[in-house]
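Here the structure is laid out as structure tokens; the discussion comes afterwards.
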Amino acid sequence: MSFVRYEQKDFVGILTIDREKALNALNTEVLADLEAAVDAIDAAKTRCVIITGAGKKSFVAGADIAAMCNMTKEEGRAFSARGNAVFRKIEKLPMPVIAAVNGYALGGGCELSLSCDIRIASENALFGQPEAGLGITPGFGGTQRLARTVGVGRAKEIIYTCRNVKAEEALRIGLINAVYPADQLMGECLKLAGRIAGNAPIAVRQCKKAISLGLQMDIDSATALEPELFSACCGTEDQRNAMTAFCEKRKHGPFVNR
Ligand code: DAK
């Protein structure tokens with residue numbers, strides 16, 4: 001039995017981490033299933049992915065504490081490298097990924113949400129990096145992506161104090177993009193995903209690349225990257241059709257990903 005369910009709704013892939021009795025905590029089996037599910041995404045027909053947690057209480061309550069209890073230094077290094085590799089794979093998916101954060105997003109859960117492009121949360125969502133209180137550091141990219149998302153000072157304060165961040169504050173500090181009542185979360189995420197999927201897939205993917213790669217470069221290299229990604233869109237069927245339709249003052253047809 002897999003700890004990750006995958007469902008395809010039109011152009012949107014929905015990935016649900018399903019280990020509800022442990023609040024979807026990540027152990028090696030869950031990480032393996034997550035990686036297999038990510039690897040199996042059909043990039044040709046998937047224009048946006050949503051990641052969420054099973055149940056009403058938790059997105060992911062962190063890495064599995066019981067599994068980490070007696071880790072040796074070598075095992076700790078391997079576990080951290082494993083999680084980082086899977087989360088980086090999610091971050092590098094060609095299409096946008098939305099985290100539908102439906103409750104606890106602690107430790108590895110917060111880190112998983114940070115490897116997604118966009119975070120949408122329910123009102124009961126709770127973010128935090130409790131690792132220092134457990135005698136460890138965040139090991140799945142939290143020290144890097146939280147600082148890049150909310151700024152260095154805020155990230156350090158959240159990580160050093162291990163305090164939890166409620167959805168309302170998460171919205172205020174830019175950790176999430178929007179917050180909705182729990183029963184509306186999935187509907188709103190599907191709406192957002194549908195809106196993304198309604199745009200030219202090749203162009204959206206080049207936009208993701210431009211932002212994600214460009215942010216890691218100096219401004220000269222980053223602006224030199226833009227013409228390359230722009231030119232990759234030129235001459236595609238979708239670009240020609242959309243621009244011709246504009247010039248002829250009519251609506252273009254659906255995008256075909258060519
Ligand atoms: N790990 C394992 N089991 C967990 C879990 C977790 N992170 N969170 C919850 N559970 C389990 C509970 O043990 C409980 O199991 P049973 O007793 O029923 O068997 C079940 O889920 C329900 O949890 P509670 O009974 O505690 O539910 P409550 O509503 O009372 O409390 C809670 C919910 C989320 C506040 C509480 O469960 C809690 O504080 N959980 C731990 C949250 C946490 O500290 N998360 C961060 C984990 S540390 C690294 C690699 C990775 C990482 C760091 C380093 N390297 C190797 C370098 C990442 C670390 C983390 O994520």
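By convention in this document, the chains of the structure tokens carry letters A, B, ... by their order, each chain's residues are numbered from 1, and ligands are numbered from 1 in the order they are shown.
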
Residues at most 7 Å from region 105-117 of chain A, counting only C-alpha atoms, excluding those fewer than 2 positions away in the same chain, as a PyMOL selection string?
chain A and resi 58-63+87-88+90-91+96-99+101+103+119+125-131+138+140-142+145-146

Write out as a ChimeraX atom specification each polymer residue whose atoms come within 7 Å of region 182-184 of chain A, counting only C-alpha atoms; drop sequence neighbours fewer than 5 positions from it.
/A:102,122-123

I need the chosen residues saved as a short mmCIF file (atom, residue, chain, number, x, y, z; two decimals), in the first residue's frame, with N, CA, C and O atoms.
```
data_model
loop_
_atom_site.label_atom_id
_atom_site.label_comp_id
_atom_site.auth_asym_id
_atom_site.auth_seq_id
_atom_site.Cartn_x
_atom_site.Cartn_y
_atom_site.Cartn_z
N ASN A 102 -3.39 21.98 4.62
CA ASN A 102 -4.67 21.75 5.30
C ASN A 102 -4.49 21.42 6.78
O ASN A 102 -5.16 20.54 7.29
N SER A 122 -5.33 26.53 4.79
CA SER A 122 -6.64 26.62 5.46
C SER A 122 -6.45 27.47 6.73
O SER A 122 -5.31 27.64 7.20
N GLU A 123 -7.56 27.95 7.28
CA GLU A 123 -7.46 28.82 8.47
C GLU A 123 -6.83 28.12 9.66
O GLU A 123 -6.25 28.75 10.53
#
```

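Using only C-alpha atoms, the contacts of Pro94 (chain A) at a cut-off of 8 Å, with sequence neighbours closer than 2 positions omitted, comprise A:Ala43, A:Lys92, A:Pro96, A:Arg205, A:Lys208, A:Lys209.
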
Include C-alpha atoms and write out the residues we just selected as a JSON list (two decimals), in the first residue's frame.
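Written out: result.json:
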```
[["chain", "number", "residue", "atom", "x", "y", "z"],
["A", 43, "ALA", "CA", 4.47, 15.99, -17.80],
["A", 92, "LYS", "CA", 12.36, 21.26, -10.13],
["A", 96, "PRO", "CA", 3.96, 24.87, -11.11],
["A", 205, "ARG", "CA", 7.18, 26.43, -17.67],
["A", 208, "LYS", "CA", 8.96, 29.00, -13.69],
["A", 209, "LYS", "CA", 12.46, 28.32, -14.97]]
```

Mind checking DSSP for region 138-243 of chain A and telling me the helix (DSSP H, G or I) residues as a ChimeraX atom specification?
/A:142-150,152-161,167-172,182-197,201-214,219-233,237-243

Please identify which residues in region 66-186 of chain A DSSP calls strand (DSSP E or B) from the backbone, and express them as a list in words.
Val97, Ile98, Ala99, Ala100, Val101, Tyr104, Ala105, Leu106, Ile118, Arg119, Ile120, Ala121, Ser122, Leu126, Phe127, Gly128, Val165, Lys166, Ala178, Val179 and Tyr180 of chain A

Using N, CA, C and O atoms, can you export the residues from the last selection as a short mmCIF file (atom, residue, chain, number, x, y, z; two decimals), in the first residue's frame?
```cif
data_model
loop_
_atom_site.label_atom_id
_atom_site.label_comp_id
_atom_site.auth_asym_id
_atom_site.auth_seq_id
_atom_site.Cartn_x
_atom_site.Cartn_y
_atom_site.Cartn_z
N VAL A 97 3.76 23.96 -8.89
CA VAL A 97 3.26 23.08 -7.84
C VAL A 97 2.66 23.95 -6.72
O VAL A 97 3.30 24.89 -6.25
N ILE A 98 1.44 23.62 -6.33
CA ILE A 98 0.76 24.34 -5.25
C ILE A 98 0.71 23.45 -4.02
O ILE A 98 0.30 22.28 -4.12
N ALA A 99 1.10 23.97 -2.86
CA ALA A 99 0.91 23.24 -1.61
C ALA A 99 -0.45 23.67 -1.04
O ALA A 99 -0.66 24.86 -0.79
N ALA A 100 -1.36 22.72 -0.90
CA ALA A 100 -2.65 23.00 -0.25
C ALA A 100 -2.48 22.59 1.21
O ALA A 100 -2.62 21.42 1.56
N VAL A 101 -2.14 23.56 2.04
CA VAL A 101 -1.73 23.26 3.42
C VAL A 101 -2.96 23.20 4.32
O VAL A 101 -3.50 24.21 4.74
N TYR A 104 -1.46 21.09 10.11
CA TYR A 104 -0.06 21.19 10.57
C TYR A 104 0.93 21.13 9.40
O TYR A 104 0.86 20.22 8.56
N ALA A 105 1.82 22.08 9.36
CA ALA A 105 2.95 22.07 8.41
C ALA A 105 4.18 22.37 9.25
O ALA A 105 4.73 23.46 9.22
N LEU A 106 4.57 21.35 10.01
CA LEU A 106 5.67 21.54 10.97
C LEU A 106 6.92 20.82 10.48
O LEU A 106 6.83 19.76 9.85
N ILE A 118 3.82 27.71 -4.80
CA ILE A 118 2.79 28.55 -4.20
C ILE A 118 2.21 27.79 -3.01
O ILE A 118 1.99 26.57 -3.09
N ARG A 119 1.97 28.50 -1.90
CA ARG A 119 1.38 27.87 -0.73
C ARG A 119 0.02 28.53 -0.44
O ARG A 119 -0.04 29.74 -0.27
N ILE A 120 -1.04 27.70 -0.40
CA ILE A 120 -2.37 28.17 -0.04
C ILE A 120 -2.76 27.38 1.21
O ILE A 120 -2.60 26.16 1.25
N ALA A 121 -3.25 28.08 2.23
CA ALA A 121 -3.49 27.39 3.51
C ALA A 121 -4.93 27.50 3.96
O ALA A 121 -5.66 28.42 3.58
N SER A 122 -5.33 26.53 4.79
CA SER A 122 -6.64 26.62 5.46
C SER A 122 -6.45 27.47 6.73
O SER A 122 -5.31 27.64 7.20
N LEU A 126 -0.94 25.53 10.53
CA LEU A 126 0.05 25.98 11.51
C LEU A 126 1.43 25.62 10.98
O LEU A 126 1.70 24.46 10.69
N PHE A 127 2.26 26.63 10.84
CA PHE A 127 3.61 26.43 10.29
C PHE A 127 4.64 26.53 11.41
O PHE A 127 4.40 27.21 12.41
N GLY A 128 5.78 25.91 11.20
CA GLY A 128 6.85 26.07 12.19
C GLY A 128 8.00 25.13 11.90
O GLY A 128 7.87 24.18 11.13
N VAL A 165 3.70 29.43 13.63
CA VAL A 165 3.17 30.57 12.88
C VAL A 165 1.78 30.20 12.37
O VAL A 165 1.63 29.24 11.59
N LYS A 166 0.77 30.96 12.83
CA LYS A 166 -0.60 30.67 12.38
C LYS A 166 -0.80 31.20 10.96
O LYS A 166 -0.04 32.06 10.50
N ALA A 178 -2.34 32.76 0.18
CA ALA A 178 -3.74 33.01 0.51
C ALA A 178 -4.18 32.04 1.59
O ALA A 178 -3.55 30.99 1.80
N VAL A 179 -5.26 32.42 2.30
CA VAL A 179 -5.82 31.53 3.33
C VAL A 179 -7.34 31.46 3.16
O VAL A 179 -7.97 32.48 2.85
N TYR A 180 -7.89 30.27 3.34
CA TYR A 180 -9.33 30.06 3.14
C TYR A 180 -9.86 29.17 4.28
O TYR A 180 -9.11 28.40 4.87
#
```

Can you list, as a PyMOL selection string, every protein, DNA or RNA residue that comes within 9 Å of Thr149 (chain A) when you count only C-alpha atoms, leaving out same-chain residues fewer than 6 positions away?
chain A and resi 114+155+173-175

Give me, please, the distance in Å between CA of Ala54 (chain A) and CA of Ile14 (chain A), quoted to one decimal.
11.5 Å

Please tabulate, as a tab-separated table, the residues of region 48-80 of chain A that come within 12 Å of region 195-201 of chain A, each with its closest pair of atoms and the distance in Å to one decimal, counting only C-alpha atoms and ordering rows by chain, then residue number upward.
```
residue	atom	partner	partner_atom	distance
A:Cys48	CA	A:Ala197	CA	6.1
A:Val49	CA	A:Ala197	CA	9.7
A:Ile50	CA	A:Ile196	CA	11.7
```

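As for atom 55 (N, counted along the ligand's line) of ligand 1 and CA of Val30 (chain A), they are spaced 15.3 Å apart.
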
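Of note, CA of Gly53 (chain A) and CA of Ala25 (chain A) are spaced 9.7 Å apart.
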
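Candidate residues A:Ile202, A:Val38, A:Leu134, A:Ile17 were compared for distance to ligand 1, and the nearest is A:Leu134, using only C-alpha atoms and all ligand atoms.
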
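Minimum distance to ligand 1 across A:Arg172, A:Arg250, A:Arg148, A:Arg19 (counting only C-alpha atoms and all ligand atoms) occurs at A:Arg19.
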
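Of the residues under consideration (A:Ala36, A:Val12, A:Met71, A:Ile51), A:Met71 shows the shortest atom-to-atom contact distance to ligand 1 when counting only C-alpha atoms and all ligand atoms.
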
Spatial neighbours of Phe11 (chain A), max dist 6 Å, only C-alpha atoms, sep filter under 6 positions, as a ChimeraX atom specification:
/A:45-47
